[in-house]
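Step one of this worksheet: look at the structure below.
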Amino acid sequence: ATGRYMHDFYCRDAPLAVELEQAEADPAREEWLARAGISTIRISPRQAIDESGQAARDIVSRALNLLPRGHPALGVSSVAPGGLAVAVA
């Protein structure tokens with residue numbers, strides 16, 4: 001959770017909120033998150049099921065792009081659960 005908002009997933013280090021939803025975004029919520037410096041990525045439940053690999057790659061890519069320079073996750077290669085390879089240069 002950030003402020004008064006709950007997220008399906010949240011990466012504090014990035015900072016990135018991941019929302020699994022089908023509905024339109026709430027403009028007041030989006031404005032609050034933007035002012036707080038929190039990016040949001042939305043994945044539909046159908047995409048999470050039917051295209052889970054691509055959804056995971058999209059989330060990881062977005063999170064890595066938002067990490068601050070010098071973060072320990074940068075420059076490390078690993079394999080995430082489910083076999084998703086994460087290679088960071």
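Note on naming: chains are A, B, ... as they come in the structure tokens, residues start from 1 per chain, ligands start from 1 in the order shown.
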
For Arg42 in chain A, list every protein, DNA or RNA residue within 12 Å, evaluated using only C-alpha atoms, and leave out those in the same chain fewer than 3 positions away; present the list as an mmCIF file with all heavy atoms, in the first residue's frame.
data_model
loop_
_atom_site.group_PDB
_atom_site.id
_atom_site.type_symbol
_atom_site.label_atom_id
_atom_site.label_comp_id
_atom_site.auth_asym_id
_atom_site.auth_seq_id
_atom_site.Cartn_x
_atom_site.Cartn_y
_atom_site.Cartn_z
ATOM 1 N N HIS A 7 -2.355 -1.854 -3.699
ATOM 2 C CA HIS A 7 -1.934 -2.324 -5.018
ATOM 3 C C HIS A 7 -1.916 -3.844 -5.008
ATOM 4 O O HIS A 7 -1.750 -4.466 -3.966
ATOM 5 C CB HIS A 7 -0.526 -1.822 -5.353
ATOM 6 C CG HIS A 7 -0.350 -0.365 -5.124
ATOM 7 N ND1 HIS A 7 -0.928 0.591 -5.921
ATOM 8 C CD2 HIS A 7 0.321 0.304 -4.167
ATOM 9 C CE1 HIS A 7 -0.611 1.790 -5.462
ATOM 10 N NE2 HIS A 7 0.143 1.637 -4.395
ATOM 11 N N ASP A 8 -2.034 -4.425 -6.200
ATOM 12 C CA ASP A 8 -1.909 -5.877 -6.284
ATOM 13 C C ASP A 8 -0.460 -6.271 -5.981
ATOM 14 O O ASP A 8 -0.222 -7.230 -5.261
ATOM 15 C CB ASP A 8 -2.338 -6.377 -7.658
ATOM 16 C CG ASP A 8 -3.825 -6.143 -7.880
ATOM 17 O OD1 ASP A 8 -4.621 -6.564 -7.016
ATOM 18 O OD2 ASP A 8 -4.190 -5.541 -8.899
ATOM 19 N N PHE A 9 0.469 -5.515 -6.541
ATOM 20 C CA PHE A 9 1.894 -5.710 -6.268
ATOM 21 C C PHE A 9 2.546 -4.335 -6.242
ATOM 22 O O PHE A 9 2.133 -3.434 -6.963
ATOM 23 C CB PHE A 9 2.567 -6.564 -7.352
ATOM 24 C CG PHE A 9 1.940 -7.907 -7.515
ATOM 25 C CD1 PHE A 9 0.991 -8.130 -8.502
ATOM 26 C CD2 PHE A 9 2.289 -8.960 -6.680
ATOM 27 C CE1 PHE A 9 0.392 -9.358 -8.654
ATOM 28 C CE2 PHE A 9 1.695 -10.208 -6.830
ATOM 29 C CZ PHE A 9 0.744 -10.400 -7.817
ATOM 30 N N TYR A 10 3.583 -4.193 -5.436
ATOM 31 C CA TYR A 10 4.279 -2.914 -5.364
ATOM 32 C C TYR A 10 5.764 -3.155 -5.149
ATOM 33 O O TYR A 10 6.160 -3.902 -4.254
ATOM 34 C CB TYR A 10 3.726 -2.053 -4.221
ATOM 35 C CG TYR A 10 4.423 -0.727 -4.087
ATOM 36 C CD1 TYR A 10 4.319 0.221 -5.088
ATOM 37 C CD2 TYR A 10 5.205 -0.433 -2.981
ATOM 38 C CE1 TYR A 10 4.964 1.437 -4.991
ATOM 39 C CE2 TYR A 10 5.848 0.783 -2.871
ATOM 40 C CZ TYR A 10 5.721 1.714 -3.884
ATOM 41 O OH TYR A 10 6.373 2.914 -3.784
ATOM 42 N N LEU A 16 7.222 1.132 -8.363
ATOM 43 C CA LEU A 16 6.284 0.695 -9.397
ATOM 44 C C LEU A 16 5.127 -0.061 -8.756
ATOM 45 O O LEU A 16 5.338 -1.009 -8.008
ATOM 46 C CB LEU A 16 6.999 -0.218 -10.400
ATOM 47 C CG LEU A 16 6.149 -0.824 -11.507
ATOM 48 C CD1 LEU A 16 5.593 0.273 -12.428
ATOM 49 C CD2 LEU A 16 6.946 -1.845 -12.293
ATOM 50 N N ALA A 17 3.924 0.375 -9.083
ATOM 51 C CA ALA A 17 2.714 -0.332 -8.662
ATOM 52 C C ALA A 17 2.225 -1.159 -9.837
ATOM 53 O O ALA A 17 2.163 -0.673 -10.963
ATOM 54 C CB ALA A 17 1.629 0.665 -8.247
ATOM 55 N N VAL A 18 1.902 -2.415 -9.580
ATOM 56 C CA VAL A 18 1.360 -3.300 -10.608
ATOM 57 C C VAL A 18 -0.096 -3.552 -10.261
ATOM 58 O O VAL A 18 -0.414 -3.978 -9.153
ATOM 59 C CB VAL A 18 2.134 -4.634 -10.663
ATOM 60 C CG1 VAL A 18 1.534 -5.558 -11.721
ATOM 61 C CG2 VAL A 18 3.613 -4.383 -10.933
ATOM 62 N N GLU A 19 -0.958 -3.266 -11.213
ATOM 63 C CA GLU A 19 -2.395 -3.420 -10.995
ATOM 64 C C GLU A 19 -2.940 -4.454 -11.975
ATOM 65 O O GLU A 19 -2.723 -4.351 -13.177
ATOM 66 C CB GLU A 19 -3.115 -2.091 -11.222
ATOM 67 C CG GLU A 19 -2.589 -0.944 -10.393
ATOM 68 C CD GLU A 19 -2.889 -1.089 -8.913
ATOM 69 O OE1 GLU A 19 -3.712 -1.933 -8.539
ATOM 70 O OE2 GLU A 19 -2.283 -0.341 -8.122
ATOM 71 N N LEU A 20 -3.614 -5.454 -11.451
ATOM 72 C CA LEU A 20 -4.323 -6.436 -12.265
ATOM 73 C C LEU A 20 -5.782 -6.023 -12.268
ATOM 74 O O LEU A 20 -6.487 -6.217 -11.288
ATOM 75 C CB LEU A 20 -4.175 -7.839 -11.671
ATOM 76 C CG LEU A 20 -2.766 -8.388 -11.628
ATOM 77 C CD1 LEU A 20 -2.725 -9.703 -10.877
ATOM 78 C CD2 LEU A 20 -2.230 -8.562 -13.031
ATOM 79 N N GLU A 21 -6.205 -5.426 -13.370
ATOM 80 C CA GLU A 21 -7.576 -4.923 -13.403
ATOM 81 C C GLU A 21 -8.053 -4.742 -14.818
ATOM 82 O O GLU A 21 -7.264 -4.651 -15.757
ATOM 83 C CB GLU A 21 -7.686 -3.607 -12.647
ATOM 84 C CG GLU A 21 -6.747 -2.553 -13.153
ATOM 85 C CD GLU A 21 -6.718 -1.314 -12.275
ATOM 86 O OE1 GLU A 21 -6.846 -1.437 -11.053
ATOM 87 O OE2 GLU A 21 -6.591 -0.246 -12.850
ATOM 88 N N GLN A 22 -9.355 -4.679 -14.934
ATOM 89 C CA GLN A 22 -9.979 -4.460 -16.234
ATOM 90 C C GLN A 22 -10.594 -3.072 -16.337
ATOM 91 O O GLN A 22 -10.805 -2.573 -17.422
ATOM 92 C CB GLN A 22 -11.063 -5.507 -16.471
ATOM 93 C CG GLN A 22 -10.524 -6.904 -16.563
ATOM 94 C CD GLN A 22 -11.619 -7.930 -16.750
ATOM 95 O OE1 GLN A 22 -12.720 -7.604 -17.160
ATOM 96 N NE2 GLN A 22 -11.317 -9.165 -16.454
ATOM 97 N N ALA A 23 -10.877 -2.467 -15.211
ATOM 98 C CA ALA A 23 -11.576 -1.183 -15.192
ATOM 99 C C ALA A 23 -10.636 -0.034 -15.557
ATOM 100 O O ALA A 23 -9.425 -0.156 -15.473
ATOM 101 C CB ALA A 23 -12.176 -0.943 -13.815
ATOM 102 N N GLU A 24 -11.238 1.064 -15.919
ATOM 103 C CA GLU A 24 -10.486 2.290 -16.181
ATOM 104 C C GLU A 24 -9.826 2.769 -14.890
ATOM 105 O O GLU A 24 -10.344 2.558 -13.802
ATOM 106 C CB GLU A 24 -11.435 3.383 -16.688
ATOM 107 C CG GLU A 24 -11.953 3.146 -18.080
ATOM 108 C CD GLU A 24 -10.931 3.502 -19.132
ATOM 109 O OE1 GLU A 24 -10.192 4.485 -18.953
ATOM 110 O OE2 GLU A 24 -10.882 2.789 -20.143
ATOM 111 N N ALA A 25 -8.721 3.438 -15.042
ATOM 112 C CA ALA A 25 -8.004 3.972 -13.883
ATOM 113 C C ALA A 25 -8.781 5.131 -13.274
ATOM 114 O O ALA A 25 -9.438 5.896 -13.976
ATOM 115 C CB ALA A 25 -6.628 4.437 -14.311
ATOM 116 N N GLU A 30 -4.602 8.144 -9.869
ATOM 117 C CA GLU A 30 -3.458 8.311 -10.759
ATOM 118 C C GLU A 30 -2.693 9.598 -10.464
ATOM 119 O O GLU A 30 -1.467 9.620 -10.474
ATOM 120 C CB GLU A 30 -3.915 8.292 -12.223
ATOM 121 C CG GLU A 30 -4.446 6.953 -12.665
ATOM 122 C CD GLU A 30 -3.451 5.831 -12.432
ATOM 123 O OE1 GLU A 30 -2.339 5.892 -12.972
ATOM 124 O OE2 GLU A 30 -3.780 4.899 -11.683
ATOM 125 N N SER A 39 5.141 5.045 -10.471
ATOM 126 C CA SER A 39 4.656 4.640 -11.791
ATOM 127 C C SER A 39 3.702 3.469 -11.619
ATOM 128 O O SER A 39 3.799 2.714 -10.655
ATOM 129 C CB SER A 39 5.822 4.218 -12.680
ATOM 130 O OG SER A 39 6.664 5.301 -12.941
ATOM 131 N N PRO A 45 -6.436 -9.201 -16.151
ATOM 132 C CA PRO A 45 -6.407 -10.591 -15.682
ATOM 133 C C PRO A 45 -6.247 -11.572 -16.842
ATOM 134 O O PRO A 45 -5.549 -12.565 -16.727
ATOM 135 C CB PRO A 45 -7.754 -10.767 -14.980
ATOM 136 C CG PRO A 45 -8.101 -9.379 -14.530
ATOM 137 C CD PRO A 45 -7.591 -8.476 -15.623
ATOM 138 N N ARG A 46 -6.867 -11.281 -17.969
ATOM 139 C CA ARG A 46 -6.762 -12.164 -19.137
ATOM 140 C C ARG A 46 -5.317 -12.212 -19.632
ATOM 141 O O ARG A 46 -4.803 -13.271 -19.946
ATOM 142 C CB ARG A 46 -7.709 -11.670 -20.243
ATOM 143 C CG ARG A 46 -7.736 -12.492 -21.479
ATOM 144 C CD ARG A 46 -8.148 -13.958 -21.357
ATOM 145 N NE ARG A 46 -9.133 -14.267 -20.371
ATOM 146 C CZ ARG A 46 -9.243 -15.447 -19.755
ATOM 147 N NH1 ARG A 46 -8.443 -16.433 -20.042
ATOM 148 N NH2 ARG A 46 -10.163 -15.658 -18.858
ATOM 149 N N GLN A 47 -4.648 -11.066 -19.700
ATOM 150 C CA GLN A 47 -3.248 -11.036 -20.133
ATOM 151 C C GLN A 47 -2.367 -11.783 -19.137
ATOM 152 O O GLN A 47 -1.452 -12.498 -19.531
ATOM 153 C CB GLN A 47 -2.758 -9.597 -20.280
ATOM 154 C CG GLN A 47 -1.320 -9.499 -20.754
ATOM 155 C CD GLN A 47 -0.806 -8.075 -20.788
ATOM 156 O OE1 GLN A 47 -1.442 -7.160 -20.274
ATOM 157 N NE2 GLN A 47 0.347 -7.890 -21.385
ATOM 158 N N ALA A 48 -2.658 -11.641 -17.849
ATOM 159 C CA ALA A 48 -1.873 -12.332 -16.829
ATOM 160 C C ALA A 48 -1.975 -13.843 -16.984
ATOM 161 O O ALA A 48 -1.018 -14.566 -16.700
ATOM 162 C CB ALA A 48 -2.326 -11.903 -15.441
ATOM 163 N N ALA A 55 3.683 -10.683 -19.854
ATOM 164 C CA ALA A 55 3.300 -9.775 -18.767
ATOM 165 C C ALA A 55 4.437 -9.662 -17.760
ATOM 166 O O ALA A 55 4.780 -8.562 -17.319
ATOM 167 C CB ALA A 55 2.019 -10.258 -18.097
ATOM 168 N N ALA A 56 5.038 -10.780 -17.394
ATOM 169 C CA ALA A 56 6.156 -10.766 -16.441
ATOM 170 C C ALA A 56 7.342 -10.004 -17.007
ATOM 171 O O ALA A 56 7.978 -9.215 -16.302
ATOM 172 C CB ALA A 56 6.558 -12.190 -16.080
ATOM 173 N N ASP A 58 7.265 -7.593 -19.196
ATOM 174 C CA ASP A 58 6.909 -6.168 -19.199
ATOM 175 C C ASP A 58 7.097 -5.552 -17.811
ATOM 176 O O ASP A 58 7.636 -4.455 -17.672
ATOM 177 C CB ASP A 58 5.457 -5.974 -19.653
ATOM 178 C CG ASP A 58 5.233 -6.297 -21.119
ATOM 179 O OD1 ASP A 58 6.228 -6.441 -21.875
ATOM 180 O OD2 ASP A 58 4.055 -6.435 -21.506
ATOM 181 N N ILE A 59 6.647 -6.268 -16.785
ATOM 182 C CA ILE A 59 6.773 -5.758 -15.418
ATOM 183 C C ILE A 59 8.234 -5.646 -15.012
ATOM 184 O O ILE A 59 8.670 -4.613 -14.489
ATOM 185 C CB ILE A 59 6.004 -6.664 -14.436
ATOM 186 C CG1 ILE A 59 4.501 -6.575 -14.707
ATOM 187 C CG2 ILE A 59 6.322 -6.293 -12.995
ATOM 188 C CD1 ILE A 59 3.691 -7.663 -14.035
ATOM 189 N N ARG A 62 9.992 -2.772 -16.904
ATOM 190 C CA ARG A 62 9.590 -1.460 -16.383
ATOM 191 C C ARG A 62 10.240 -1.198 -15.028
ATOM 192 O O ARG A 62 10.761 -0.110 -14.777
ATOM 193 C CB ARG A 62 8.073 -1.412 -16.269
ATOM 194 C CG ARG A 62 7.511 -0.113 -15.787
ATOM 195 C CD ARG A 62 7.367 0.875 -16.941
ATOM 196 N NE ARG A 62 6.668 2.049 -16.505
ATOM 197 C CZ ARG A 62 5.348 2.199 -16.537
ATOM 198 N NH1 ARG A 62 4.583 1.249 -17.008
ATOM 199 N NH2 ARG A 62 4.810 3.313 -16.116
#

Backbone DSSP call of strand (DSSP E) for chain A, listed as a ChimeraX atom specification | /A:9-11,16-20,39-43,77-79,85-87

Using only C-alpha atoms: which of A:Tyr5, A:Ser44, A:Leu74, A:Cys11 has the shortest distance to Glu31 in chain A = A:Tyr5

Apply DSSP to the backbone of this structure and, from range 18-55 of chain A, keep only the residues in helix (DSSP H, G or I); write these as an NGL selection string.
-> :A and (27-35 or 45-50 or 52-55)

Dump as a CSV table (one decimal), in the first residue's frame, selection limited to N, CA, C and O atoms:
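Output file out27.csv is given in full below:
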chain,number,residue,atom,x,y,z
A,27,PRO,N,-8.9,8.7,-12.0
A,27,PRO,CA,-8.0,9.8,-12.2
A,27,PRO,C,-7.4,10.4,-10.9
A,27,PRO,O,-6.3,10.8,-10.9
A,28,ALA,N,-8.2,10.5,-9.8
A,28,ALA,CA,-7.7,11.0,-8.6
A,28,ALA,C,-6.6,10.1,-8.0
A,28,ALA,O,-5.6,10.6,-7.5
A,29,ARG,N,-6.7,8.8,-8.1
A,29,ARG,CA,-5.7,7.9,-7.7
A,29,ARG,C,-4.4,8.0,-8.6
A,29,ARG,O,-3.3,8.1,-8.0
A,30,GLU,N,-4.6,8.1,-9.9
A,30,GLU,CA,-3.5,8.3,-10.8
A,30,GLU,C,-2.7,9.6,-10.5
A,30,GLU,O,-1.5,9.6,-10.5
A,31,GLU,N,-3.4,10.7,-10.2
A,31,GLU,CA,-2.8,11.9,-9.9
A,31,GLU,C,-2.0,11.8,-8.6
A,31,GLU,O,-0.9,12.3,-8.5
A,32,TRP,N,-2.6,11.2,-7.6
A,32,TRP,CA,-1.9,11.0,-6.3
A,32,TRP,C,-0.6,10.2,-6.5
A,32,TRP,O,0.4,10.6,-5.9
A,33,LEU,N,-0.7,9.1,-7.2
A,33,LEU,CA,0.5,8.2,-7.4
A,33,LEU,C,1.5,9.0,-8.2
A,33,LEU,O,2.7,8.9,-7.8
A,34,ALA,N,1.2,9.7,-9.2
A,34,ALA,CA,2.1,10.5,-10.0
A,34,ALA,C,2.8,11.5,-9.1
A,34,ALA,O,4.0,11.7,-9.2
A,35,ARG,N,2.1,12.2,-8.3
A,35,ARG,CA,2.7,13.2,-7.4
A,35,ARG,C,3.6,12.6,-6.4
A,35,ARG,O,4.6,13.1,-5.9
A,45,PRO,N,-6.4,-9.2,-16.2
A,45,PRO,CA,-6.4,-10.6,-15.7
A,45,PRO,C,-6.2,-11.6,-16.8
A,45,PRO,O,-5.5,-12.6,-16.7
A,46,ARG,N,-6.9,-11.3,-18.0
A,46,ARG,CA,-6.8,-12.2,-19.1
A,46,ARG,C,-5.3,-12.2,-19.6
A,46,ARG,O,-4.8,-13.3,-19.9
A,47,GLN,N,-4.6,-11.1,-19.7
A,47,GLN,CA,-3.2,-11.0,-20.1
A,47,GLN,C,-2.4,-11.8,-19.1
A,47,GLN,O,-1.5,-12.5,-19.5
A,48,ALA,N,-2.7,-11.6,-17.8
A,48,ALA,CA,-1.9,-12.3,-16.8
A,48,ALA,C,-2.0,-13.8,-17.0
A,48,ALA,O,-1.0,-14.6,-16.7
A,49,ILE,N,-3.1,-14.3,-17.5
A,49,ILE,CA,-3.3,-15.8,-17.6
A,49,ILE,C,-2.8,-16.2,-19.0
A,49,ILE,O,-2.0,-17.1,-19.1
A,50,ASP,N,-3.3,-15.6,-20.1
A,50,ASP,CA,-3.0,-16.0,-21.4
A,50,ASP,C,-1.6,-15.6,-21.9
A,50,ASP,O,-1.0,-16.3,-22.7
A,52,SER,N,1.2,-14.7,-19.7
A,52,SER,CA,1.9,-14.5,-18.4
A,52,SER,C,3.4,-14.2,-18.6
A,52,SER,O,3.9,-13.4,-17.9
A,53,GLY,N,4.0,-14.9,-19.5
A,53,GLY,CA,5.4,-14.7,-19.8
A,53,GLY,C,5.7,-13.3,-20.2
A,53,GLY,O,6.6,-12.6,-19.7
A,54,GLN,N,4.9,-12.8,-21.2
A,54,GLN,CA,5.1,-11.4,-21.7
A,54,GLN,C,4.7,-10.4,-20.6
A,54,GLN,O,5.4,-9.4,-20.5
A,55,ALA,N,3.7,-10.7,-19.9
A,55,ALA,CA,3.3,-9.8,-18.8
A,55,ALA,C,4.4,-9.7,-17.8
A,55,ALA,O,4.8,-8.6,-17.3

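Relative to CA of Leu66 in chain A, CA of Ile43 in chain A is found at 17.7 Å.
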
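Take the candidates A:Ala14, A:Ile41, A:Met6, A:Ala36 and check each one against Leu64 in chain A using only C-alpha atoms; the shortest distance goes to A:Ala14.
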
From A:Asp13, A:Thr40, A:Gly3, A:Arg57, residue lying nearest Arg69 in chain A [only C-alpha atoms] =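 Among the listed residues, A:Asp13 lies closest to Arg69 in chain A.
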